[in-house]
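Student: Following this message is one structure expressed as structure tokens.
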Amino acid sequence: MYAILDIETTGGKYNEEGITEIAIHKFDGHQVIDKFISLINPEKEIQPFVVKLTGINNKMLRTAPKFYEVAKRIIEITQDTVIVAHNAQFDYRILRTEFKRLGYNFERKTLCTVELSKKLLPDAESYSLGKLVRSLGIPVSDRHRANGDALATIKLFKLLLAKDTNKEILKTVIRKETHGELSKKQLHIVEDLPSDTGIYYMHNKDGEILFLGHSKNIKKRVNDHFTKRGDRARKLQKETKEVTYEKTGSELVALLKELEEQNKNKPKFNSKNKKKLYSHAVYQGVNKDGYITFNASHTDGNRANITTFNSIHGAKNFIYKINETFNLCDKVNGVSEAKKNCSKYEENKCNGACIAKEPVEDYNQRAQQVSSKYNFANKSVIIVDKGREIGEYSAILIKDGTFIGLGFYDLNFQINNINILESIITPMQGGDNAMHIIESYLRKNRIVKIIELNT
């Protein structure tokens, strides 16, 4: 017997979320034999982004039952069942947290349709519920509402049961132990960790670092390590006796520290770093008519690139983006294979470089802005981002196109004086991989500012 579950929450800090809506369908493997659907008054405000996502607002929940009023019904409908959910670890954790607040130890076995899907549908492009069910032709309504998502999960689960002809995956995926439950020692470790951005270090009894990583939520990530399944995960859980951390404020700083410290410490459970974190790049050239071109290809150590990527897909998407942003020609940059003019020319979105109509100087002036914005070759700059506390900032130093190191400051004169700046910077040897991390991060995320240095 299964209990197909979906929960909507208020959002907020890890383990401080409240339930706003719950849907449970008791399913015997063939049909639903009982169900419970209800809004829940979480007795706390809903995060604005959650209101926008789900459509559930504080006014709707004022007269809804509080969790303690429906707790008995939830216990009854899930009794002697396996809880099934898409990302079961999240829903089960939220449910257990609510029951713990009432002083009740709620325990059920769980089954995750994300994990099942990865095994039974290995070619799926995405395992998010919405994209996955659409790719399978499963209709879904009321997306991001508990009952709508629960109904979609039922249909997905039926399909997965049918695909599991040997029944081997179901046997191995169903948890033998209670999913997401921590030992008292692990619970103590997690409770002492912050829900902040930074680096965390998992130590053995001798203090040696077994694993180090970065996260935007250290508490949640370490909890994930302790609840993950698999032989390697269990070995790490068994050997970990202490977890320490270092806040960074900035995720970019955390990524760079992770790269540097993994290379130096070589923790037992970290994957060995690749020689290069990237495989492709965008290169600048000139065509027969004198127009600057940009093309994506495998990295070539003999050529200077504009910026690097870990896939050809990412590199080509970058070219699409710069064509739009800087009004560059699709044909010149290889996006269009038109024999004459590109399609944008007919839409008045291209000035005619494809047919050598636009003055080369005008076109190249725009094209040169790409290198200026995205390439750090020969540049000396300070990348300023968030710090570890209010009033503090992080500083990442690049000199002549090379990553030098990073540090933290709270007074402007500390970065306006190059000698003082270099004294507060922790030197690092990130090399090309560090520059790849920096360039990739800046393409996708906002930082406080970039200051050009006059060296």
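Within each chain, counting starts at residue 1; across the structure tokens, chains are named A, B, ... in the order shown, with ligands numbered 1 upward in that order.
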Excluding region 242-249 of chain A and its own-chain neighbours fewer than 2 positions away, which residues fall within 6 Å of it when counting only C-alpha atoms? Please give them as JSON, numbers by chain.
Tutor: {"A": [197, 198, 199, 200, 201, 202, 203, 240, 254, 386, 387, 388]}
Student: Would you mind exporting all heavy atoms of the selected residues as an mmCIF file, in the first residue's frame?
Tutor:
```
data_model
loop_
_atom_site.group_PDB
_atom_site.id
_atom_site.type_symbol
_atom_site.label_atom_id
_atom_site.label_comp_id
_atom_site.auth_asym_id
_atom_site.auth_seq_id
_atom_site.Cartn_x
_atom_site.Cartn_y
_atom_site.Cartn_z
ATOM 1 N N THR A 197 25.971 30.607 3.232
ATOM 2 C CA THR A 197 26.862 30.247 2.132
ATOM 3 C C THR A 197 28.289 30.088 2.641
ATOM 4 O O THR A 197 28.763 30.904 3.435
ATOM 5 C CB THR A 197 26.830 31.337 1.045
ATOM 6 O OG1 THR A 197 25.495 31.449 0.550
ATOM 7 C CG2 THR A 197 27.772 31.011 -0.103
ATOM 8 N N GLY A 198 28.966 29.039 2.174
ATOM 9 C CA GLY A 198 30.350 28.866 2.587
ATOM 10 C C GLY A 198 30.897 27.497 2.242
ATOM 11 O O GLY A 198 30.363 26.783 1.394
ATOM 12 N N ILE A 199 31.988 27.126 2.930
ATOM 13 C CA ILE A 199 32.650 25.840 2.751
ATOM 14 C C ILE A 199 32.440 25.009 4.019
ATOM 15 O O ILE A 199 32.481 25.533 5.127
ATOM 16 C CB ILE A 199 34.178 26.039 2.548
ATOM 17 C CG1 ILE A 199 34.436 26.924 1.339
ATOM 18 C CG2 ILE A 199 34.891 24.709 2.377
ATOM 19 C CD1 ILE A 199 34.191 26.259 0.017
ATOM 20 N N TYR A 200 32.223 23.709 3.845
ATOM 21 C CA TYR A 200 32.117 22.821 5.003
ATOM 22 C C TYR A 200 33.140 21.701 4.868
ATOM 23 O O TYR A 200 33.523 21.303 3.767
ATOM 24 C CB TYR A 200 30.699 22.250 5.135
ATOM 25 C CG TYR A 200 30.249 21.446 3.944
ATOM 26 C CD1 TYR A 200 30.429 20.063 3.874
ATOM 27 C CD2 TYR A 200 29.656 22.084 2.850
ATOM 28 C CE1 TYR A 200 30.037 19.334 2.773
ATOM 29 C CE2 TYR A 200 29.254 21.352 1.740
ATOM 30 C CZ TYR A 200 29.452 19.983 1.705
ATOM 31 O OH TYR A 200 29.069 19.257 0.600
ATOM 32 N N TYR A 201 33.602 21.194 6.022
ATOM 33 C CA TYR A 201 34.655 20.180 6.072
ATOM 34 C C TYR A 201 34.187 19.025 6.956
ATOM 35 O O TYR A 201 33.842 19.238 8.122
ATOM 36 C CB TYR A 201 35.944 20.771 6.655
ATOM 37 C CG TYR A 201 36.370 22.071 6.010
ATOM 38 C CD1 TYR A 201 35.856 23.290 6.460
ATOM 39 C CD2 TYR A 201 37.285 22.091 4.960
ATOM 40 C CE1 TYR A 201 36.239 24.488 5.876
ATOM 41 C CE2 TYR A 201 37.672 23.282 4.364
ATOM 42 C CZ TYR A 201 37.144 24.476 4.826
ATOM 43 O OH TYR A 201 37.533 25.667 4.241
ATOM 44 N N MET A 202 34.185 17.830 6.423
ATOM 45 C CA MET A 202 33.777 16.645 7.174
ATOM 46 C C MET A 202 35.041 15.904 7.611
ATOM 47 O O MET A 202 35.855 15.495 6.765
ATOM 48 C CB MET A 202 32.871 15.769 6.307
ATOM 49 C CG MET A 202 31.659 16.543 5.780
ATOM 50 S SD MET A 202 30.542 15.607 4.687
ATOM 51 C CE MET A 202 29.646 14.625 5.903
ATOM 52 N N HIS A 203 35.233 15.746 8.943
ATOM 53 C CA HIS A 203 36.469 15.215 9.514
ATOM 54 C C HIS A 203 36.273 13.811 10.096
ATOM 55 O O HIS A 203 35.191 13.489 10.592
ATOM 56 C CB HIS A 203 36.972 16.121 10.655
ATOM 57 C CG HIS A 203 37.149 17.547 10.253
ATOM 58 N ND1 HIS A 203 38.352 18.067 9.833
ATOM 59 C CD2 HIS A 203 36.274 18.588 10.234
ATOM 60 C CE1 HIS A 203 38.214 19.361 9.575
ATOM 61 N NE2 HIS A 203 36.954 19.699 9.812
ATOM 62 N N THR A 240 32.638 10.043 9.427
ATOM 63 C CA THR A 240 32.566 11.450 9.842
ATOM 64 C C THR A 240 32.257 11.561 11.331
ATOM 65 O O THR A 240 31.241 11.062 11.810
ATOM 66 C CB THR A 240 31.496 12.200 9.033
ATOM 67 O OG1 THR A 240 31.845 12.180 7.651
ATOM 68 C CG2 THR A 240 31.390 13.652 9.497
ATOM 69 N N ALA A 254 33.167 30.927 -2.365
ATOM 70 C CA ALA A 254 33.078 29.525 -1.920
ATOM 71 C C ALA A 254 33.556 28.572 -3.014
ATOM 72 O O ALA A 254 34.277 27.610 -2.747
ATOM 73 C CB ALA A 254 31.643 29.198 -1.514
ATOM 74 N N LYS A 386 29.465 39.987 -1.967
ATOM 75 C CA LYS A 386 29.013 39.982 -0.571
ATOM 76 C C LYS A 386 30.093 39.432 0.355
ATOM 77 O O LYS A 386 30.901 38.601 -0.045
ATOM 78 C CB LYS A 386 27.749 39.146 -0.427
ATOM 79 C CG LYS A 386 26.535 39.725 -1.120
ATOM 80 C CD LYS A 386 25.316 38.851 -0.963
ATOM 81 C CE LYS A 386 25.424 37.570 -1.754
ATOM 82 N NZ LYS A 386 24.157 36.789 -1.746
ATOM 83 N N GLY A 387 30.072 39.888 1.598
ATOM 84 C CA GLY A 387 30.989 39.387 2.608
ATOM 85 C C GLY A 387 30.291 38.447 3.567
ATOM 86 O O GLY A 387 29.155 38.022 3.346
ATOM 87 N N ARG A 388 30.969 38.140 4.675
ATOM 88 C CA ARG A 388 30.436 37.171 5.630
ATOM 89 C C ARG A 388 29.427 37.772 6.598
ATOM 90 O O ARG A 388 28.687 37.052 7.261
ATOM 91 C CB ARG A 388 31.602 36.554 6.412
ATOM 92 C CG ARG A 388 32.578 35.795 5.529
ATOM 93 C CD ARG A 388 33.916 35.571 6.197
ATOM 94 N NE ARG A 388 34.618 36.832 6.423
ATOM 95 C CZ ARG A 388 35.867 36.926 6.838
ATOM 96 N NH1 ARG A 388 36.564 35.817 7.077
ATOM 97 N NH2 ARG A 388 36.424 38.100 7.013
#
```
Student: Could the residues of region 220-309 of chain A that have an atom at most 7 Å from region 351-373 of chain A be listed as a Markdown table, each with its closest atom pair and the distance in Å to one decimal, counting only C-alpha atoms and ordered by chain and ascending residue number?
Tutor:
```
| residue | atom | partner | partner_atom | distance |
| --- | --- | --- | --- | --- |
| A:Asp289 | CA | A:Ala356 | CA | 6.8 |
| A:Gly290 | CA | A:Val360 | CA | 6.5 |
| A:Tyr291 | CA | A:Val360 | CA | 5.8 |
| A:Ile292 | CA | A:Asn364 | CA | 5.8 |
| A:Ile306 | CA | A:Ser371 | CA | 6.1 |
```
Student: Include C-alpha atoms and write out the residues we just selected as a CSV table (one decimal), in the first residue's frame.
Tutor:
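For reference, again29.csv as written:
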```csv
chain,number,residue,atom,x,y,z
A,289,ASP,CA,35.2,40.5,-45.6
A,290,GLY,CA,37.0,41.7,-42.4
A,291,TYR,CA,34.2,41.2,-40.0
A,292,ILE,CA,35.0,39.9,-36.5
A,306,ILE,CA,37.2,34.7,-25.2
```
Student: Given only C-alpha atoms as the basis, pick out the residue of A:Glu422, A:Asp196, A:Glu439, A:Glu17 nearest to Glu389 (chain A).
Tutor: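 With only C-alpha atoms as the atom set, the closest residue is A:Asp196.
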Student: If we count only C-alpha atoms and set the cut-off at 9 Å, which residues sit around Val84 (chain A), ignoring sequence neighbours fewer than 5 positions away in its own chain? Please answer as a VMD selection string.
Tutor: chain A and resid 2 to 6 109 to 113 153 to 154 157
Student: Which residues are near Gly55 (chain A)? Cut-off 12 Å, only C-alpha atoms, ignore same chain within fewer than 2 positions. Put them as number ranges by chain.
Tutor: A: 8-10, 20-21, 46-53, 57-61, 142-146
Student: Using Å and a single decimal, report how far CA of Thr307 (chain A) sits from CA of Gln284 (chain A).
Tutor: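 Going from CA of Gln284 (chain A) over to CA of Thr307 (chain A), I get 10.1 Å.
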Student: Between CA of Ser394 (chain A) and CA of Gly407 (chain A), what is the distance, to one decimal in Å?
Tutor: 5.8 Å
Student: I'd like to know which of A:Ser279, A:Pro194, A:Leu236, A:Leu120 is closest to Lys13 (chain A), using only C-alpha atoms.
Tutor: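 The closest residue to Lys13 (chain A) is A:Pro194.
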Student: Could you go through region 70-129 of chain A and tell me which residues DSSP, when run on the backbone, assigns to strand (DSSP E or B), listing them as a ChimeraX atom specification?
Tutor: /A:82-85,109-112
Student: Tell me, as a list in words, which residues lie within 9 Å of Thr299 (chain A), counting only C-alpha atoms; anything in the same chain fewer than 5 positions away does not count.
Tutor: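 That gives Tyr278, Ser279, His280, Ala281, Val282, Asn305 and Thr308 of chain A.
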Student: Kindly export the residues of the current selection with N, CA, C and O atoms, as an mmCIF file, in the first residue's frame.
Tutor:
```cif
data_model
loop_
_atom_site.group_PDB
_atom_site.id
_atom_site.type_symbol
_atom_site.label_atom_id
_atom_site.label_comp_id
_atom_site.auth_asym_id
_atom_site.auth_seq_id
_atom_site.Cartn_x
_atom_site.Cartn_y
_atom_site.Cartn_z
ATOM 1 N N TYR A 278 36.832 22.634 -17.989
ATOM 2 C CA TYR A 278 36.106 23.035 -19.193
ATOM 3 C C TYR A 278 36.612 22.254 -20.397
ATOM 4 O O TYR A 278 37.740 21.767 -20.409
ATOM 5 N N SER A 279 35.768 22.129 -21.402
ATOM 6 C CA SER A 279 36.120 21.356 -22.603
ATOM 7 C C SER A 279 35.976 22.153 -23.882
ATOM 8 O O SER A 279 36.540 21.784 -24.914
ATOM 9 N N HIS A 280 35.214 23.258 -23.832
ATOM 10 C CA HIS A 280 34.955 24.048 -25.029
ATOM 11 C C HIS A 280 35.190 25.533 -24.748
ATOM 12 O O HIS A 280 35.264 25.952 -23.596
ATOM 13 N N ALA A 281 35.296 26.287 -25.815
ATOM 14 C CA ALA A 281 35.534 27.722 -25.683
ATOM 15 C C ALA A 281 34.968 28.448 -26.889
ATOM 16 O O ALA A 281 34.660 27.840 -27.921
ATOM 17 N N VAL A 282 34.827 29.755 -26.745
ATOM 18 C CA VAL A 282 34.452 30.620 -27.868
ATOM 19 C C VAL A 282 35.692 31.401 -28.288
ATOM 20 O O VAL A 282 36.370 32.005 -27.442
ATOM 21 N N ASN A 305 41.318 32.252 -26.082
ATOM 22 C CA ASN A 305 39.857 32.228 -26.192
ATOM 23 C C ASN A 305 39.231 33.462 -25.552
ATOM 24 O O ASN A 305 39.882 34.201 -24.818
ATOM 25 N N THR A 308 35.337 30.300 -21.576
ATOM 26 C CA THR A 308 35.304 28.833 -21.636
ATOM 27 C C THR A 308 33.987 28.255 -21.122
ATOM 28 O O THR A 308 33.262 28.900 -20.352
#
```
Student: What is the CA of Leu156 (chain A) to CA of Pro122 (chain A) distance in Å?
Tutor: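 Taking CA of Leu156 (chain A) and CA of Pro122 (chain A), their separation equals 14.5 Å.
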Student: Considering only C-alpha atoms, state which residue in the set A:Ala71, A:Val133, A:Cys342, A:Ala124 is at the smallest distance from Gly103 (chain A).
Tutor: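 Smallest separation from Gly103 (chain A) among the options: A:Ala71.
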Student: Let me make sure I understand: among A:Phe106, A:Lys449, A:Ser195, A:Gly314, which one has the smallest atom-to-atom distance to Ser297 (chain A) if we use only C-alpha atoms?
Tutor: A:Gly314
Student: I'd like the contact shell of region 377-379 of chain A - 12 Å cut-off, only C-alpha atoms, skipping same-chain residues fewer than 4 positions apart - returned as JSON, numbers by chain.
Tutor: {"A": [304, 305, 306, 307, 371, 372, 373, 383, 397, 398, 399, 400, 401, 402, 403, 432, 435, 439, 450, 451, 452, 453, 454, 455]}
Student: Looking only at the backbone, which of the residues in region 181-354 of chain A does DSSP tag as alpha helix (DSSP H), as number ranges by chain?
Tutor: A: 184-191, 218-227, 231-239, 251-265, 312-325, 343-346
Student: Would you mind listing what lies within 12 Å of Ser423 (chain A) as a list in words, with only C-alpha atoms counted and same-chain residues fewer than 3 positions away left out?
Tutor: Leu397, Ile404, Gly405, Leu406, Gly407, Phe408, Tyr409, Gln414, Ile415, Asn417, Ile418, Asn419, Ile420, Thr426 and Pro427 of chain A
Student: Taking only C-alpha atoms into account, which of A:Tyr374, A:Val335, A:Ala162, A:Ile40 comes nearest Lys444 (chain A)?
Tutor: A:Tyr374
